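Coordinates from protein_35.csv are shown below (CSV, C-alpha atoms).
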```csv
chain,number,residue,atom,x,y,z
A,1,MET,CA,18.7,5.9,-4.6
A,2,LYS,CA,19.8,8.5,-2.0
A,3,ASP,CA,19.9,8.0,1.7
A,4,TRP,CA,16.9,9.4,3.6
A,5,GLU,CA,16.4,10.8,7.1
A,6,THR,CA,13.1,8.9,7.8
A,7,LEU,CA,13.1,6.0,5.3
A,8,GLU,CA,15.2,3.0,4.6
A,9,ILE,CA,15.2,1.7,1.0
A,10,VAL,CA,15.9,-2.0,0.3
A,11,ARG,CA,16.1,-3.4,-3.2
A,12,GLN,CA,16.0,-7.0,-4.3
A,13,ASP,CA,16.1,-7.3,-8.1
A,14,ALA,CA,12.9,-5.7,-9.4
A,15,VAL,CA,11.3,-5.3,-5.9
A,16,VAL,CA,11.9,-2.3,-3.8
A,17,GLU,CA,11.0,-2.0,-0.1
A,18,VAL,CA,10.2,1.4,1.3
A,19,VAL,CA,10.7,1.1,5.1
A,20,LEU,CA,9.4,3.7,7.5
A,21,ASN,CA,12.4,4.3,9.7
A,22,ARG,CA,11.6,6.4,12.8
A,23,PRO,CA,11.3,3.5,15.3
A,24,GLN,CA,12.2,5.7,18.3
A,25,GLN,CA,9.2,7.9,17.4
A,26,ARG,CA,7.0,4.9,16.6
A,27,ASN,CA,7.3,5.9,13.0
A,28,ALA,CA,5.1,8.9,13.5
A,29,LEU,CA,4.6,10.8,10.2
A,30,ASN,CA,6.4,14.2,10.2
A,31,ALA,CA,7.0,16.7,7.4
A,32,ALA,CA,10.3,15.1,6.4
A,33,MET,CA,8.8,11.7,6.1
A,34,CYS,CA,5.9,13.2,4.0
A,35,ASP,CA,8.4,14.8,1.6
A,36,GLU,CA,10.7,11.7,1.5
A,37,LEU,CA,7.8,9.3,0.9
A,38,ARG,CA,6.5,11.4,-2.0
A,39,ALA,CA,9.9,11.9,-3.6
A,40,THR,CA,10.8,8.2,-3.2
A,41,VAL,CA,7.5,6.9,-4.6
A,42,GLN,CA,7.6,9.3,-7.6
A,43,ALA,CA,11.1,8.1,-8.4
A,44,LEU,CA,9.9,4.5,-8.2
A,45,ARG,CA,7.0,5.3,-10.5
A,46,ASP,CA,9.3,6.6,-13.1
A,47,ASP,CA,11.8,3.6,-12.8
A,48,ASP,CA,10.7,0.9,-15.3
A,49,SER,CA,13.1,-1.6,-13.7
A,50,VAL,CA,10.9,-1.6,-10.6
A,51,ARG,CA,8.1,-4.1,-10.9
A,52,CYS,CA,6.7,-4.2,-7.3
A,53,VAL,CA,6.9,-2.1,-4.1
A,54,ILE,CA,6.6,-3.2,-0.5
A,55,VAL,CA,5.8,-0.6,2.2
A,56,ARG,CA,6.7,-1.7,5.7
A,57,ALA,CA,8.2,-0.3,8.9
A,58,ASN,CA,11.1,-0.8,11.3
A,59,GLY,CA,10.2,-1.4,14.9
A,60,PRO,CA,7.0,-2.8,16.6
A,61,VAL,CA,4.7,0.0,15.4
A,62,PHE,CA,3.9,0.4,11.7
A,63,CYS,CA,3.0,4.1,12.2
A,64,ALA,CA,1.6,5.8,15.3
A,65,GLY,CA,-0.1,8.6,13.2
A,66,ALA,CA,0.9,12.2,12.6
A,67,ASP,CA,3.8,13.5,14.7
A,68,LEU,CA,1.8,15.9,16.9
A,69,LYS,CA,4.9,17.1,18.7
A,70,GLU,CA,6.0,18.6,15.4
A,71,ARG,CA,2.8,20.8,15.3
A,72,GLN,CA,3.4,22.5,18.7
A,73,GLY,CA,3.9,26.2,17.9
A,74,MET,CA,2.8,25.9,14.3
A,75,SER,CA,0.6,28.6,12.9
A,76,LEU,CA,-2.7,27.6,11.2
A,77,ASP,CA,-1.1,28.1,7.8
A,78,ASP,CA,1.8,25.8,8.8
A,79,VAL,CA,-0.7,23.1,10.0
A,80,ARG,CA,-2.6,23.3,6.7
A,81,ALA,CA,0.7,23.1,4.7
A,82,ARG,CA,1.7,20.1,6.8
A,83,ARG,CA,-1.6,18.3,6.1
A,84,ILE,CA,-1.2,19.0,2.4
A,85,LYS,CA,2.2,17.3,2.5
A,86,ALA,CA,0.6,14.2,4.0
A,87,PHE,CA,-2.2,14.1,1.5
A,88,ALA,CA,0.5,14.4,-1.3
A,89,ALA,CA,2.4,11.5,0.2
A,90,TYR,CA,-0.7,9.2,0.4
A,91,ASP,CA,-1.7,10.2,-3.2
A,92,ALA,CA,1.8,9.5,-4.5
A,93,ILE,CA,1.6,6.0,-3.1
A,94,GLU,CA,-1.8,5.5,-4.5
A,95,GLN,CA,-0.7,6.7,-8.0
A,96,ILE,CA,2.6,4.8,-8.1
A,97,GLY,CA,1.3,2.9,-11.2
A,98,LYS,CA,2.7,-0.5,-10.2
A,99,PRO,CA,1.7,-3.1,-7.6
A,100,CYS,CA,2.3,-2.0,-4.1
A,101,ILE,CA,1.9,-4.2,-1.0
A,102,ALA,CA,1.7,-2.9,2.6
A,103,LEU,CA,3.1,-5.2,5.3
A,104,VAL,CA,1.7,-4.2,8.7
A,105,GLU,CA,3.2,-5.9,11.7
A,106,GLY,CA,2.0,-3.6,14.4
A,107,PRO,CA,-0.4,-0.7,15.1
A,108,ALA,CA,-1.3,1.5,12.2
A,109,ILE,CA,-3.0,4.6,13.7
A,110,GLY,CA,-4.4,7.6,11.8
A,111,SER,CA,-1.8,8.4,9.1
A,112,GLY,CA,-0.4,4.9,9.4
A,113,GLY,CA,-3.7,3.5,8.2
A,114,GLU,CA,-3.7,6.1,5.3
A,115,ILE,CA,-0.2,4.9,4.2
A,116,ALA,CA,-1.2,1.3,4.3
A,117,MET,CA,-4.6,1.9,2.6
A,118,ALA,CA,-2.9,3.8,-0.2
A,119,CYS,CA,-1.2,0.6,-1.2
A,120,ASP,CA,-2.9,-2.0,-3.4
A,121,PHE,CA,-3.5,-4.4,-0.5
A,122,ILE,CA,-2.4,-5.0,3.1
A,123,VAL,CA,-0.8,-8.1,4.5
A,124,ALA,CA,-0.8,-8.2,8.3
A,125,THR,CA,0.4,-10.3,11.2
A,126,ASP,CA,-1.7,-10.9,14.3
A,127,ALA,CA,0.1,-8.0,16.0
A,128,ALA,CA,-1.4,-5.5,13.5
A,129,ALA,CA,-4.1,-3.2,14.6
A,130,PHE,CA,-5.9,-0.3,13.0
A,131,ARG,CA,-7.3,2.8,14.6
A,132,THR,CA,-8.6,6.2,13.4
A,133,PRO,CA,-9.0,8.4,16.5
A,134,GLU,CA,-8.6,11.8,14.8
A,135,ALA,CA,-12.1,13.1,15.7
A,136,LEU,CA,-11.4,12.2,19.4
A,137,TRP,CA,-8.3,14.3,19.2
A,138,GLY,CA,-10.2,17.3,17.9
A,139,THR,CA,-9.3,17.0,14.2
A,140,VAL,CA,-10.4,15.2,11.0
A,141,GLY,CA,-8.7,12.4,9.1
A,142,ALA,CA,-9.1,9.0,7.5
A,143,THR,CA,-12.6,9.9,6.3
A,144,GLN,CA,-12.2,8.8,2.6
A,145,ARG,CA,-10.1,5.7,2.3
A,146,MET,CA,-11.4,3.9,5.4
A,147,PRO,CA,-15.1,4.0,4.4
A,148,ARG,CA,-14.2,2.7,1.0
A,149,ALA,CA,-12.2,-0.1,2.6
A,150,VAL,CA,-14.6,-1.2,5.4
A,151,GLY,CA,-17.9,0.5,4.6
A,152,LYS,CA,-19.5,3.6,5.9
A,153,ARG,CA,-20.9,2.3,9.2
A,154,LEU,CA,-17.8,0.6,10.5
A,155,ALA,CA,-15.7,3.6,9.5
A,156,LYS,CA,-18.0,5.8,11.5
A,157,ASP,CA,-17.8,3.4,14.5
A,158,MET,CA,-14.0,3.6,14.4
A,159,ALA,CA,-13.9,7.4,13.9
A,160,PHE,CA,-16.5,8.2,16.6
A,161,THR,CA,-15.5,5.8,19.3
A,162,GLY,CA,-11.8,5.2,18.6
A,163,ARG,CA,-12.5,1.5,18.2
A,164,THR,CA,-9.4,-0.6,17.3
A,165,LEU,CA,-9.7,-3.3,14.7
A,166,SER,CA,-7.6,-6.3,15.3
A,167,ALA,CA,-5.9,-8.0,12.4
A,168,GLN,CA,-8.6,-10.6,12.2
A,169,GLU,CA,-11.4,-8.0,12.4
A,170,ALA,CA,-9.6,-6.0,9.7
A,171,ARG,CA,-9.4,-9.2,7.6
A,172,ASP,CA,-13.1,-9.9,8.1
A,173,ALA,CA,-14.0,-6.3,7.1
A,174,GLY,CA,-11.9,-6.4,3.9
A,175,LEU,CA,-9.2,-3.9,5.1
A,176,VAL,CA,-6.6,-6.6,5.3
A,177,SER,CA,-6.1,-9.0,2.4
A,178,ARG,CA,-4.4,-11.8,4.3
A,179,ILE,CA,-2.8,-12.6,7.7
A,180,VAL,CA,0.5,-14.3,7.8
A,181,PRO,CA,2.6,-15.8,10.7
A,182,ALA,CA,4.8,-13.1,12.3
A,183,ASP,CA,8.0,-15.2,12.2
A,184,GLY,CA,7.9,-15.4,8.4
A,185,ALA,CA,5.9,-12.3,7.5
A,186,LEU,CA,8.6,-10.5,5.6
A,187,ASP,CA,9.7,-13.6,3.7
A,188,ALA,CA,6.1,-14.3,2.7
A,189,VAL,CA,5.5,-10.8,1.4
A,190,ARG,CA,8.8,-10.9,-0.5
A,191,VAL,CA,7.7,-14.1,-2.2
A,192,MET,CA,4.4,-12.4,-3.2
A,193,ALA,CA,6.3,-9.4,-4.5
A,194,GLN,CA,8.7,-11.6,-6.6
A,195,THR,CA,5.7,-13.4,-8.1
A,196,ILE,CA,4.2,-10.1,-9.1
A,197,ALA,CA,7.5,-8.8,-10.4
A,198,ALA,CA,7.9,-11.9,-12.6
A,199,ALA,CA,4.6,-11.2,-14.3
A,200,PRO,CA,4.3,-9.2,-17.6
A,201,PRO,CA,4.5,-5.5,-16.4
A,202,LEU,CA,2.0,-4.1,-18.9
A,203,ALA,CA,-0.7,-6.7,-17.8
A,204,MET,CA,0.0,-5.9,-14.2
A,205,ARG,CA,-0.2,-2.1,-14.7
A,206,LEU,CA,-3.4,-2.4,-16.8
A,207,THR,CA,-5.1,-4.8,-14.3
A,208,LYS,CA,-4.3,-2.4,-11.4
A,209,ASP,CA,-5.7,0.5,-13.4
A,210,CYS,CA,-8.9,-1.4,-14.4
A,211,ILE,CA,-9.6,-2.3,-10.8
A,212,ASP,CA,-8.8,1.2,-9.4
A,213,ARG,CA,-10.9,3.0,-12.0
A,214,GLY,CA,-13.6,0.4,-12.4
A,215,VAL,CA,-14.7,0.5,-8.8
A,216,GLU,CA,-15.3,4.2,-9.1
A,217,THR,CA,-17.6,4.0,-12.1
A,218,ASP,CA,-20.8,2.1,-13.1
A,219,PRO,CA,-20.6,-1.5,-14.5
A,220,ALA,CA,-20.9,-0.4,-18.2
A,221,GLY,CA,-18.1,2.2,-17.8
A,222,ALA,CA,-15.9,-0.4,-15.9
A,223,LEU,CA,-16.4,-2.9,-18.7
A,224,ALA,CA,-15.3,-0.3,-21.2
A,225,ILE,CA,-12.2,0.3,-19.2
A,226,GLU,CA,-11.4,-3.4,-19.2
A,227,MET,CA,-12.0,-3.7,-23.0
A,228,LEU,CA,-9.7,-0.8,-23.7
A,229,ALA,CA,-7.0,-2.5,-21.6
A,230,ILE,CA,-7.5,-5.8,-23.4
A,231,ASP,CA,-7.1,-4.0,-26.8
A,232,THR,CA,-3.9,-2.4,-25.5
A,233,LEU,CA,-2.6,-5.8,-24.5
A,234,LEU,CA,-3.5,-7.4,-27.8
A,235,GLN,CA,-1.3,-4.9,-29.5
A,236,SER,CA,1.7,-5.7,-27.3
A,237,PRO,CA,4.3,-8.4,-28.2
A,238,ASP,CA,4.3,-9.5,-24.5
A,239,TRP,CA,0.8,-11.0,-24.9
A,240,GLY,CA,1.6,-13.4,-27.7
A,241,SER,CA,4.8,-14.6,-26.2
A,242,LYS,CA,3.2,-15.1,-22.8
A,243,ILE,CA,0.3,-17.1,-24.2
A,244,ALA,CA,2.7,-19.2,-26.3
A,245,ARG,CA,4.7,-20.2,-23.2
A,246,PHE,CA,1.6,-20.8,-21.0
A,247,GLY,CA,1.7,-24.4,-19.5
A,248,SER,CA,5.2,-25.0,-20.8
A,249,GLY,CA,6.8,-24.7,-17.4
A,250,THR,CA,8.7,-21.6,-18.5
A,251,SER,CA,6.0,-19.1,-17.7
A,252,ASN,CA,4.7,-17.8,-14.3
A,253,ASP,CA,1.4,-19.5,-14.8
A,254,VAL,CA,-1.6,-19.8,-12.5
A,255,ASP,CA,-0.6,-23.2,-11.2
A,256,HIS,CA,2.8,-21.9,-10.2
A,257,ALA,CA,1.3,-18.9,-8.5
A,258,ALA,CA,-1.1,-21.1,-6.6
A,259,ASN,CA,1.7,-23.4,-5.4
A,260,GLN,CA,3.7,-20.4,-4.2
A,261,ASP,CA,0.7,-19.1,-2.3
A,262,THR,CA,0.3,-22.4,-0.5
A,263,LYS,CA,4.0,-22.5,0.4
A,264,GLN,CA,3.8,-19.0,1.9
A,265,GLY,CA,1.0,-19.9,4.2
A,266,GLY,CA,-1.8,-18.0,2.4
A,267,GLY,CA,-4.4,-20.4,4.0
A,268,HIS,CA,-3.8,-18.8,7.4
A,269,ALA,CA,-6.2,-16.0,6.3
```

Starting from the file, give its structure as structure tokens.
Amino acid sequence: MKDWETLEIVRQDAVVEVVLNRPQQRNALNAAMCDELRATVQALRDDDSVRCVIVRANGPVFCAGADLKERQGMSLDDVRARRIKAFAAYDAIEQIGKPCIALVEGPAIGSGGEIAMACDFIVATDAAAFRTPEALWGTVGATQRMPRAVGKRLAKDMAFTGRTLSAQEARDAGLVSRIVPADGALDAVRVMAQTIAAAPPLAMRLTKDCIDRGVETDPAGALAIEMLAIDTLLQSPDWGSKIARFGSGTSNDVDHAANQDTKQGGGHA
């Protein structure tokens, strides 16, 4: 994959890490990063050899939000175009079609939260914090993903007052999936990603799709989505071979996954 101006790409077997790489600017999201995120994620979506993606950042700040310095002197049309670029980047992450983990080890403000929430789940350290101050800055943002993640009332509290959620508060609200020790955070997430990458890719893709689509519809419709996914799996040769190996010690079964989770400190959450 090509070199980028604002990103660093790290690959380990079937796992790819997309690293926000503007540490001197606190990884603020500019137009170049929007374009590079979208192009990178779309390439990963189309690469069948990639089984899991990690989104993380270099430096102590995950992302300080939009690069407001970039907007100085912009026309209204330019500002609109820049916001559309950001929306396209978030949407590309959300539509990547394979498991995607956000590792947040510092503040995620505004656009930083959007990037993290576009991933399937967020793993954080105690240094992580989440804030959506757009309304206090005279603009609008984070009004769709945040309410779906933490509920309408907490999202309004954050938007109206600029309240910062600590990692633990974010975990309690359901925004963060788990908290891991800072000194082993990246290793822990890499273990998670390798576990995911070792699983049958069709089952992972269909499970992701069932959850994403199911929560947006009624229970009957969600069940129909799952039944269709099951029918798709039953027609796949992966299903029979995986079931045949289950419990033999050669498959990535539930007990193995549970043991890995214990080793990586999942109980800290």

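Comparing the minimum interatomic distances between A:Gly110 and each of A:Glu216, A:Asp231, A:Glu226, A:Glu134, counting only C-alpha atoms, we find that A:Glu134 sits nearest.
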
Please identify all polymer residues lying at most 12 Å from the point (8.0, -1.3, 20.9) (file coordinates), using only C-alpha atoms, and present the result as a compact mmCIF listing (two decimals) with C-alpha atoms, keeping the file's coordinate frame.
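File out-v1.txt, as written:
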```
# COMPACT_ATOMS: atom_id res chain seq x y z
CA ARG A 22 11.60 6.40 12.80
CA PRO A 23 11.30 3.50 15.30
CA GLN A 24 12.20 5.70 18.30
CA GLN A 25 9.20 7.90 17.40
CA ARG A 26 7.00 4.90 16.60
CA ASN A 27 7.30 5.90 13.00
CA ASN A 58 11.10 -0.80 11.30
CA GLY A 59 10.20 -1.40 14.90
CA PRO A 60 7.00 -2.80 16.60
CA VAL A 61 4.70 0.00 15.40
CA PHE A 62 3.90 0.40 11.70
CA CYS A 63 3.00 4.10 12.20
CA ALA A 64 1.60 5.80 15.30
CA GLU A 105 3.20 -5.90 11.70
CA GLY A 106 2.00 -3.60 14.40
CA PRO A 107 -0.40 -0.70 15.10
CA ALA A 127 0.10 -8.00 16.00
```

Margin query: If I take atom CA of A:Ser111 and atom CA of A:Leu29, how far is one from the other in Å, to one decimal?
Written below: 6.9 Å

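Atom pair atom CA of A:Asp78 / atom CA of A:Ala135: separated by 20.1 Å.
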
Next item on the list: May I have the residues within 12 Å of A:Gln168 as a ChimeraX atom specification, using only C-alpha atoms and disregarding those fewer than 6 positions away in the same chain?
Entry: /A:123-130,174-180,268-269
